[in-house]
>>> print(open('entry.txt').read())   # compact mmCIF, C-alpha atoms and all ligand atoms
# COMPACT_ATOMS: atom_id res chain seq x y z
CA MET Q 1 14.35 15.57 -3.88
CA ALA Q 2 10.82 16.87 -3.75
CA THR Q 3 7.48 15.81 -2.47
CA ARG Q 4 4.69 15.20 -4.94
CA ARG Q 5 0.96 15.79 -4.84
CA ILE Q 6 -1.05 12.69 -3.95
CA LEU Q 7 -4.16 11.94 -6.03
CA LEU Q 8 -7.34 11.48 -4.02
CA GLU Q 9 -9.94 8.72 -3.89
CA ASP Q 10 -12.25 9.93 -6.66
CA ASP Q 11 -9.53 10.67 -9.19
CA PRO Q 12 -10.22 8.38 -12.21
CA MET Q 13 -6.45 8.00 -12.68
CA LEU Q 14 -6.36 5.74 -9.58
CA ARG Q 15 -8.50 3.18 -11.43
CA LYS Q 16 -6.04 2.72 -14.30
CA ILE Q 17 -3.71 -0.24 -14.76
CA SER Q 18 -0.07 0.79 -14.36
CA LYS Q 19 2.41 -0.17 -17.08
CA PRO Q 20 5.67 -2.11 -16.60
CA VAL Q 21 8.84 -0.10 -15.97
CA THR Q 22 11.24 -0.70 -18.88
CA ILE Q 23 13.83 2.02 -18.37
CA PHE Q 24 15.93 2.03 -15.21
CA ASP Q 25 17.48 5.48 -15.35
CA SER Q 26 18.05 8.52 -13.17
CA ASN Q 27 14.41 9.63 -13.67
CA LEU Q 28 13.24 6.42 -12.03
CA LYS Q 29 15.66 6.93 -9.11
CA GLU Q 30 14.44 10.50 -8.76
CA LEU Q 31 10.81 9.32 -8.76
CA ILE Q 32 11.58 6.74 -6.05
CA LYS Q 33 13.33 9.36 -3.90
CA ASP Q 34 10.39 11.72 -4.29
CA MET Q 35 7.93 8.95 -3.45
CA ILE Q 36 9.87 8.06 -0.28
CA SER Q 37 9.95 11.67 0.90
CA THR Q 38 6.26 12.13 0.05
CA MET Q 39 5.34 8.96 1.94
CA ARG Q 40 7.39 9.96 4.99
CA LYS Q 41 6.01 13.49 5.04
CA GLU Q 42 2.48 12.08 5.08
CA ASP Q 43 3.43 9.41 7.63
CA GLY Q 44 2.44 6.54 5.34
CA ALA Q 45 3.59 2.92 5.14
CA GLY Q 46 3.50 2.75 1.36
CA LEU Q 47 2.93 4.73 -1.81
CA ALA Q 48 2.40 3.65 -5.42
CA GLY Q 49 3.52 5.58 -8.51
CA ILE Q 50 -0.05 5.95 -9.68
CA GLN Q 51 -0.87 7.86 -6.47
CA VAL Q 52 1.49 10.63 -7.58
CA GLY Q 53 0.21 10.45 -11.16
CA VAL Q 54 2.88 8.13 -12.61
CA LEU Q 55 1.28 5.15 -14.33
CA LYS Q 56 4.22 2.79 -13.78
CA ARG Q 57 4.46 -0.48 -11.88
CA VAL Q 58 6.51 0.91 -9.01
CA PHE Q 59 5.76 1.32 -5.32
CA ILE Q 60 7.37 1.85 -1.94
CA VAL Q 61 6.60 -0.15 1.18
CA ALA Q 62 7.96 0.50 4.64
CA ASP Q 63 7.80 -0.67 8.20
CA LYS Q 64 9.79 0.55 11.17
CA ASN Q 65 12.88 -1.39 10.04
CA GLU Q 66 13.14 -0.78 6.33
CA THR Q 67 11.90 0.98 3.22
CA VAL Q 68 11.79 -1.05 0.00
CA ALA Q 69 11.34 0.16 -3.59
CA VAL Q 70 9.44 -2.46 -5.59
CA ILE Q 71 9.34 -2.47 -9.41
CA ASN Q 72 7.38 -4.78 -11.75
CA PRO Q 73 6.33 -7.10 -8.90
CA GLU Q 74 4.77 -10.53 -9.14
CA ILE Q 75 3.30 -12.30 -6.14
CA ILE Q 76 4.55 -15.90 -6.21
CA LYS Q 77 2.84 -17.16 -3.09
CA GLN Q 78 0.70 -15.81 -0.30
CA SER Q 79 -0.40 -17.53 2.88
CA GLY Q 80 -1.79 -17.03 6.34
CA HIS Q 81 -4.07 -14.36 7.63
CA TYR Q 82 -2.93 -11.01 8.97
CA LYS Q 83 -5.22 -10.04 11.79
CA SER Q 84 -5.17 -6.37 11.02
CA GLN Q 85 -6.71 -3.70 13.14
CA VAL Q 86 -7.21 -1.20 10.37
CA GLU Q 87 -5.89 -0.17 7.01
CA GLY Q 88 -5.56 3.32 5.56
CA CYS Q 89 -4.37 4.95 2.35
CA LEU Q 90 -2.79 8.32 1.61
CA SER Q 91 -5.31 8.73 -1.24
CA LEU Q 92 -8.18 8.36 1.25
CA PRO Q 93 -6.94 10.67 4.02
CA GLY Q 94 -8.55 10.20 7.42
CA LYS Q 95 -10.51 7.09 6.47
CA VAL Q 96 -9.78 3.59 7.73
CA GLY Q 97 -11.17 0.16 6.91
CA LEU Q 98 -10.93 -3.49 7.84
CA VAL Q 99 -9.33 -5.63 5.15
CA ASP Q 100 -8.39 -9.31 5.14
CA ARG Q 101 -4.82 -9.77 3.95
CA PRO Q 102 -2.32 -12.63 3.94
CA ASN Q 103 0.34 -12.69 6.66
CA GLU Q 104 3.10 -13.84 4.34
CA VAL Q 105 3.86 -12.91 0.76
CA VAL Q 106 6.64 -14.28 -1.45
CA ALA Q 107 7.29 -11.84 -4.28
CA LYS Q 108 9.62 -11.38 -7.22
CA PHE Q 109 10.42 -7.85 -8.34
CA GLN Q 110 13.11 -5.56 -9.71
CA ASN Q 111 15.08 -3.08 -7.65
CA GLU Q 112 15.88 0.44 -8.85
CA ASN Q 113 18.90 -0.90 -10.79
CA GLY Q 114 16.71 -3.38 -12.67
CA GLU Q 115 18.04 -6.44 -10.81
CA TRP Q 116 15.50 -9.16 -10.00
CA VAL Q 117 15.07 -10.06 -6.36
CA GLU Q 118 12.90 -12.59 -4.59
CA ARG Q 119 11.78 -11.80 -1.08
CA THR Q 120 9.42 -12.93 1.62
CA PHE Q 121 7.47 -10.28 3.50
CA VAL Q 122 5.79 -11.12 6.79
CA GLY Q 123 3.18 -9.34 8.90
CA PHE Q 124 2.61 -5.61 8.58
CA ILE Q 125 4.85 -5.13 5.53
CA ALA Q 126 3.20 -8.10 3.73
CA LYS Q 127 -0.15 -6.41 4.18
CA ALA Q 128 1.30 -3.10 2.92
CA PHE Q 129 2.80 -4.95 -0.06
CA CYS Q 130 -0.63 -6.33 -1.04
CA HIS Q 131 -2.23 -2.89 -0.63
CA GLU Q 132 0.35 -1.26 -2.94
CA PHE Q 133 0.25 -4.17 -5.40
CA ASP Q 134 -3.50 -3.56 -5.73
CA HIS Q 135 -2.84 0.10 -6.65
CA LEU Q 136 -0.90 -1.10 -9.73
CA ASN Q 137 -4.10 -2.79 -10.90
CA GLY Q 138 -6.44 0.11 -10.17
CA ILE Q 139 -7.80 -1.44 -6.97
CA LEU Q 140 -8.35 0.59 -3.80
CA TYR Q 141 -8.53 -1.04 -0.36
CA LYS Q 142 -12.10 0.18 0.09
CA ASP Q 143 -13.04 -2.27 -2.72
CA ARG Q 144 -11.87 -5.13 -0.51
CA ALA Q 145 -12.81 -3.74 2.91
CA THR Q 146 -15.29 -5.66 5.01
CA MET Q 147 -16.02 -2.39 6.85
CA MET Q 148 -15.12 1.25 6.18
CA PHE Q 149 -15.01 4.14 8.65
CA ASP Q 150 -14.85 7.87 7.91
CA SER Q 151 -12.35 8.42 10.71
CA TYR Q 152 -10.21 6.56 13.19
CA GLU Q 153 -12.54 7.88 15.93
CA ASP Q 154 -15.50 6.16 14.25
CA TYR Q 155 -13.51 2.94 14.16
CA ASP Q 156 -12.65 3.35 17.83
CA LYS Q 157 -16.34 3.86 18.69
CA TYR Q 158 -17.20 0.73 16.73
CA LEU Q 159 -14.57 -1.27 18.65
CA LYS Q 160 -15.90 -0.06 22.00
CA SER Q 161 -19.52 -0.85 21.17
CA LYS Q 162 -18.48 -4.27 19.88
CA LYS Q 163 -16.68 -4.96 23.16
CA LYS Q 164 -19.76 -3.91 25.14
CA LYS Q 165 -21.96 -6.26 23.13
CA GLU Q 166 -19.54 -9.11 23.67
CA GLN Q 167 -19.59 -8.54 27.45
CA LYS Q 168 -23.38 -8.82 27.60
ZN ZN Y 201 -3.05 3.20 -0.89
>>> encode(input="entry.txt", output="C-alpha cells")
Amino acid sequence: MATRRILLEDDPMLRKISKPVTIFDSNLKELIKDMISTMRKEDGAGLAGIQVGVLKRVFIVADKNETVAVINPEIIKQSGHYKSQVEGCLSLPGKVGLVDRPNEVVAKFQNENGEWVERTFVGFIAKAFCHEFDHLNGILYKDRATMMFDSYEDYDKYLKSKKKKEQK
C-alpha cells in the first residue's frame, strides 16, 4: 500500500474523460487501496482515479460510517437538494466553493470484484458521489460552483458579513 501524488487544478489531465474499467485484477485492487490511503492521509471524503493520474472510471467516496469503491458508475436517479455549507477537492487544496447537489442519488456500479451493485446514497455521501462522478467526465466542482473562495477563512468572512446584512 502506498500513497500517490494528487494532480492539481491546472493539470490538463483532470479535464480528460476516464475510460471504463474492463479488467478486475490485483492491479485494480492495489490502485483502490492506494487511493483509500491517499484520501485518508489528505483527510478527504473522496478521490477519483484521474486525480492520481489513472484515467479509469473508478473512485472512492467516504463518510464517517463507510468507504465505498465505485467502478463504472451510472446515476439512475437523483432527487432533492443537499443544503451544503461548502465543498472542497484534494486537487484544489485550501479552496472551497458552494455547489448545488442532490440529496439523494440512486446509482448502479461495479465493486472491485466486478459485481454490479445498486445503491442509494443520501446526504453528504450523495454529494461526494456526484463530485467524484464529475471527475470521471473531466468536470471540476469549480465549474458548477455558485461561489468560490480561496480559503475556508474567506468563506467564513463571507458568512459573517452575510449574517450582518440579514440582521439589518
Ligand atoms: Zn475532487
>>> residues_near_ligand(input="entry.txt", ligand="ligand ZN 201 (chain Y)", cutoff="7 Å", atoms="all atoms listed in the file", output="PyMOL selection string")
chain Q and resi 46-47+88-91+131-132+135+140-141
>>> residues_around(input="entry.txt", residues="Q:Thr120", least_positions_apart="4", cutoff="12 Å", atoms="all atoms listed in the file", output="list of chain:residue names")
Q:Glu74, Q:Ile75, Q:Ile76, Q:Lys77, Q:Gln78, Q:Ser79, Q:Pro102, Q:Asn103, Q:Glu104, Q:Val105, Q:Val106, Q:Ala107, Q:Lys108, Q:Phe109, Q:Ile125, Q:Ala126, Q:Lys127, Q:Phe129
>>> closest_residue(input="entry.txt", among="Q:Val99, Q:Met39, Q:Val68, Q:Val52", to="Q:Glu87", atoms="only C-alpha atoms")
Q:Val99
>>> atom_distance(input="entry.txt", atom1="atom CA of Q:Leu92", atom2="atom CA of Q:Gln51")
10.6 Å
>>> closest_residue(input="entry.txt", among="Q:Ile32, Q:Glu112, Q:Ile50, Q:Ser26", to="Q:Asp11", atoms="only C-alpha atoms")
Q:Ile50
>>> closest_atom_pairs(input="entry.txt", of="stretch 2-105 of chain Q", to="stretch 151-156 of chain Q", cutoff="7 Å", atoms="all atoms listed in the file", output="JSON lines")
{"residue": "Q:Gly94", "atom": "CA", "partner": "Q:Ser151", "partner_atom": "CA", "distance": 5.3}
{"residue": "Q:Lys95", "atom": "CA", "partner": "Q:Ser151", "partner_atom": "CA", "distance": 4.8}
{"residue": "Q:Val96", "atom": "CA", "partner": "Q:Ser151", "partner_atom": "CA", "distance": 6.2}
>>> atom_distance(input="entry.txt", atom1="atom CA of Q:Ile6", atom2="atom CA of Q:Asp143")
19.2 Å
>>> closest_residue(input="entry.txt", among="Q:Phe133, Q:Lys160, Q:Ile71, Q:Gly123", to="Q:Lys29", atoms="only C-alpha atoms")
Q:Ile71
>>> closest_residue(input="entry.txt", among="Q:Asp25, Q:Glu118, Q:Asp43, Q:Glu9", to="Q:Val70", atoms="only C-alpha atoms")
Q:Glu118
>>> closest_residue(input="entry.txt", among="Q:Ala145, Q:Leu14, Q:Thr38, Q:Leu7", to="Q:Gln85", atoms="only C-alpha atoms")
Q:Ala145
>>> atom_distance(input="entry.txt", atom1="atom CA of Q:Glu66", atom2="atom CA of Q:Asp34")
16.6 Å
>>> closest_residue(input="entry.txt", among="Q:Lys165, Q:Arg40, Q:Arg4, Q:Arg57", to="Q:Lys16", atoms="all atoms listed in the file")
Q:Arg57
>>> decode(input="entry.txt", residues="stretch 43-79 of chain Q", atoms="N, CA, C and O atoms", output="JSON list (two decimals), in the first residue's frame")
[["chain", "number", "residue", "atom", "x", "y", "z"],
["Q", 43, "ASP", "N", -7.09, 13.63, 4.33],
["Q", 43, "ASP", "CA", -8.32, 13.97, 5.04],
["Q", 43, "ASP", "C", -9.46, 14.33, 4.08],
["Q", 43, "ASP", "O", -10.21, 15.28, 4.32],
["Q", 44, "GLY", "N", -9.57, 13.59, 2.99],
["Q", 44, "GLY", "CA", -10.62, 13.85, 2.00],
["Q", 44, "GLY", "C", -11.83, 12.96, 2.20],
["Q", 44, "GLY", "O", -11.79, 12.00, 2.98],
["Q", 45, "ALA", "N", -12.90, 13.26, 1.46],
["Q", 45, "ALA", "CA", -14.13, 12.46, 1.51],
["Q", 45, "ALA", "C", -14.33, 11.71, 0.21],
["Q", 45, "ALA", "O", -15.33, 11.03, 0.02],
["Q", 46, "GLY", "N", -13.37, 11.83, -0.70],
["Q", 46, "GLY", "CA", -13.47, 11.14, -1.98],
["Q", 46, "GLY", "C", -12.23, 11.38, -2.81],
["Q", 46, "GLY", "O", -11.49, 12.33, -2.57],
["Q", 47, "LEU", "N", -12.00, 10.47, -3.75],
["Q", 47, "LEU", "CA", -10.84, 10.62, -4.65],
["Q", 47, "LEU", "C", -11.13, 9.81, -5.90],
["Q", 47, "LEU", "O", -11.57, 8.66, -5.82],
["Q", 48, "ALA", "N", -10.89, 10.41, -7.06],
["Q", 48, "ALA", "CA", -11.11, 9.71, -8.33],
["Q", 48, "ALA", "C", -9.77, 9.28, -8.91],
["Q", 48, "ALA", "O", -8.74, 9.93, -8.68],
["Q", 49, "GLY", "N", -9.80, 8.18, -9.69],
["Q", 49, "GLY", "CA", -8.58, 7.65, -10.31],
["Q", 49, "GLY", "C", -7.80, 8.72, -11.06],
["Q", 49, "GLY", "O", -6.57, 8.82, -10.95],
["Q", 50, "ILE", "N", -8.53, 9.53, -11.81],
["Q", 50, "ILE", "CA", -7.91, 10.56, -12.62],
["Q", 50, "ILE", "C", -7.07, 11.52, -11.77],
["Q", 50, "ILE", "O", -6.07, 12.06, -12.24],
["Q", 51, "GLN", "N", -7.47, 11.71, -10.51],
["Q", 51, "GLN", "CA", -6.72, 12.63, -9.64],
["Q", 51, "GLN", "C", -5.34, 12.11, -9.28],
["Q", 51, "GLN", "O", -4.48, 12.86, -8.86],
["Q", 52, "VAL", "N", -5.16, 10.79, -9.40],
["Q", 52, "VAL", "CA", -3.82, 10.22, -9.19],
["Q", 52, "VAL", "C", -3.24, 9.76, -10.53],
["Q", 52, "VAL", "O", -2.35, 8.91, -10.59],
["Q", 53, "GLY", "N", -3.78, 10.30, -11.62],
["Q", 53, "GLY", "CA", -3.20, 10.07, -12.94],
["Q", 53, "GLY", "C", -3.63, 8.78, -13.62],
["Q", 53, "GLY", "O", -3.03, 8.37, -14.60],
["Q", 54, "VAL", "N", -4.69, 8.14, -13.11],
["Q", 54, "VAL", "CA", -5.19, 6.91, -13.73],
["Q", 54, "VAL", "C", -6.54, 7.21, -14.40],
["Q", 54, "VAL", "O", -7.53, 7.49, -13.73],
["Q", 55, "LEU", "N", -6.54, 7.13, -15.72],
["Q", 55, "LEU", "CA", -7.71, 7.55, -16.49],
["Q", 55, "LEU", "C", -8.76, 6.44, -16.58],
["Q", 55, "LEU", "O", -9.15, 6.02, -17.67],
["Q", 56, "LYS", "N", -9.21, 5.97, -15.43],
["Q", 56, "LYS", "CA", -10.18, 4.88, -15.38],
["Q", 56, "LYS", "C", -11.39, 5.33, -14.58],
["Q", 56, "LYS", "O", -11.26, 6.12, -13.65],
["Q", 57, "ARG", "N", -12.56, 4.74, -14.93],
["Q", 57, "ARG", "CA", -13.79, 5.13, -14.25],
["Q", 57, "ARG", "C", -13.89, 4.43, -12.90],
["Q", 57, "ARG", "O", -14.65, 3.48, -12.71],
["Q", 58, "VAL", "N", -13.09, 4.93, -11.96],
["Q", 58, "VAL", "CA", -13.08, 4.39, -10.60],
["Q", 58, "VAL", "C", -12.90, 5.55, -9.62],
["Q", 58, "VAL", "O", -12.15, 6.48, -9.89],
["Q", 59, "PHE", "N", -13.67, 5.49, -8.53],
["Q", 59, "PHE", "CA", -13.46, 6.48, -7.46],
["Q", 59, "PHE", "C", -13.82, 5.90, -6.10],
["Q", 59, "PHE", "O", -14.44, 4.83, -6.00],
["Q", 60, "ILE", "N", -13.41, 6.63, -5.07],
["Q", 60, "ILE", "CA", -13.70, 6.27, -3.69],
["Q", 60, "ILE", "C", -14.57, 7.37, -3.11],
["Q", 60, "ILE", "O", -14.31, 8.54, -3.37],
["Q", 61, "VAL", "N", -15.58, 7.00, -2.36],
["Q", 61, "VAL", "CA", -16.31, 8.01, -1.57],
["Q", 61, "VAL", "C", -16.39, 7.51, -0.13],
["Q", 61, "VAL", "O", -16.44, 6.30, 0.11],
["Q", 62, "ALA", "N", -16.43, 8.45, 0.79],
["Q", 62, "ALA", "CA", -16.45, 8.07, 2.20],
["Q", 62, "ALA", "C", -17.23, 9.07, 3.01],
["Q", 62, "ALA", "O", -17.28, 10.26, 2.68],
["Q", 63, "ASP", "N", -17.87, 8.57, 4.07],
["Q", 63, "ASP", "CA", -18.36, 9.45, 5.12],
["Q", 63, "ASP", "C", -17.87, 8.85, 6.43],
["Q", 63, "ASP", "O", -17.00, 7.97, 6.40],
["Q", 64, "LYS", "N", -18.42, 9.29, 7.54],
["Q", 64, "LYS", "CA", -17.84, 8.80, 8.80],
["Q", 64, "LYS", "C", -18.16, 7.32, 9.05],
["Q", 64, "LYS", "O", -17.51, 6.68, 9.86],
["Q", 65, "ASN", "N", -19.13, 6.77, 8.32],
["Q", 65, "ASN", "CA", -19.53, 5.38, 8.54],
["Q", 65, "ASN", "C", -18.91, 4.37, 7.60],
["Q", 65, "ASN", "O", -18.76, 3.21, 7.95],
["Q", 66, "GLU", "N", -18.59, 4.80, 6.39],
["Q", 66, "GLU", "CA", -18.14, 3.81, 5.41],
["Q", 66, "GLU", "C", -17.28, 4.43, 4.32],
["Q", 66, "GLU", "O", -17.29, 5.64, 4.10],
["Q", 67, "THR", "N", -16.53, 3.55, 3.65],
["Q", 67, "THR", "CA", -15.73, 3.93, 2.49],
["Q", 67, "THR", "C", -16.12, 2.98, 1.36],
["Q", 67, "THR", "O", -16.10, 1.76, 1.55],
["Q", 68, "VAL", "N", -16.52, 3.53, 0.22],
["Q", 68, "VAL", "CA", -17.02, 2.70, -0.87],
["Q", 68, "VAL", "C", -16.17, 2.91, -2.12],
["Q", 68, "VAL", "O", -15.89, 4.05, -2.51],
["Q", 69, "ALA", "N", -15.75, 1.80, -2.75],
["Q", 69, "ALA", "CA", -15.06, 1.87, -4.04],
["Q", 69, "ALA", "C", -16.10, 1.72, -5.13],
["Q", 69, "ALA", "O", -16.90, 0.77, -5.12],
["Q", 70, "VAL", "N", -16.12, 2.65, -6.06],
["Q", 70, "VAL", "CA", -17.15, 2.71, -7.10],
["Q", 70, "VAL", "C", -16.49, 2.60, -8.47],
["Q", 70, "VAL", "O", -15.59, 3.37, -8.79],
["Q", 71, "ILE", "N", -16.95, 1.63, -9.27],
["Q", 71, "ILE", "CA", -16.34, 1.40, -10.59],
["Q", 71, "ILE", "C", -17.43, 1.43, -11.67],
["Q", 71, "ILE", "O", -18.51, 0.85, -11.48],
["Q", 72, "ASN", "N", -17.14, 2.07, -12.77],
["Q", 72, "ASN", "CA", -18.05, 2.19, -13.92],
["Q", 72, "ASN", "C", -19.47, 2.63, -13.52],
["Q", 72, "ASN", "O", -20.46, 2.00, -13.92],
["Q", 73, "PRO", "N", -19.60, 3.69, -12.73],
["Q", 73, "PRO", "CA", -20.92, 4.06, -12.21],
["Q", 73, "PRO", "C", -21.85, 4.69, -13.25],
["Q", 73, "PRO", "O", -21.39, 5.31, -14.21],
["Q", 74, "GLU", "N", -23.14, 4.47, -12.99],
["Q", 74, "GLU", "CA", -24.19, 5.19, -13.72],
["Q", 74, "GLU", "C", -25.13, 5.74, -12.66],
["Q", 74, "GLU", "O", -25.47, 5.02, -11.72],
["Q", 75, "ILE", "N", -25.55, 6.98, -12.84],
["Q", 75, "ILE", "CA", -26.54, 7.54, -11.93],
["Q", 75, "ILE", "C", -27.92, 7.26, -12.52],
["Q", 75, "ILE", "O", -28.22, 7.64, -13.64],
["Q", 76, "ILE", "N", -28.74, 6.51, -11.77],
["Q", 76, "ILE", "CA", -30.06, 6.11, -12.26],
["Q", 76, "ILE", "C", -31.08, 7.20, -11.95],
["Q", 76, "ILE", "O", -31.94, 7.51, -12.76],
["Q", 77, "LYS", "N", -30.97, 7.76, -10.75],
["Q", 77, "LYS", "CA", -31.94, 8.77, -10.34],
["Q", 77, "LYS", "C", -31.30, 9.70, -9.34],
["Q", 77, "LYS", "O", -30.48, 9.26, -8.52],
["Q", 78, "GLN", "N", -31.63, 10.97, -9.40],
["Q", 78, "GLN", "CA", -31.19, 11.88, -8.35],
["Q", 78, "GLN", "C", -32.33, 12.80, -7.98],
["Q", 78, "GLN", "O", -33.14, 13.17, -8.82],
["Q", 79, "SER", "N", -32.42, 13.13, -6.68],
["Q", 79, "SER", "CA", -33.54, 13.96, -6.24],
["Q", 79, "SER", "C", -33.16, 14.76, -5.01],
["Q", 79, "SER", "O", -32.15, 14.48, -4.34]]
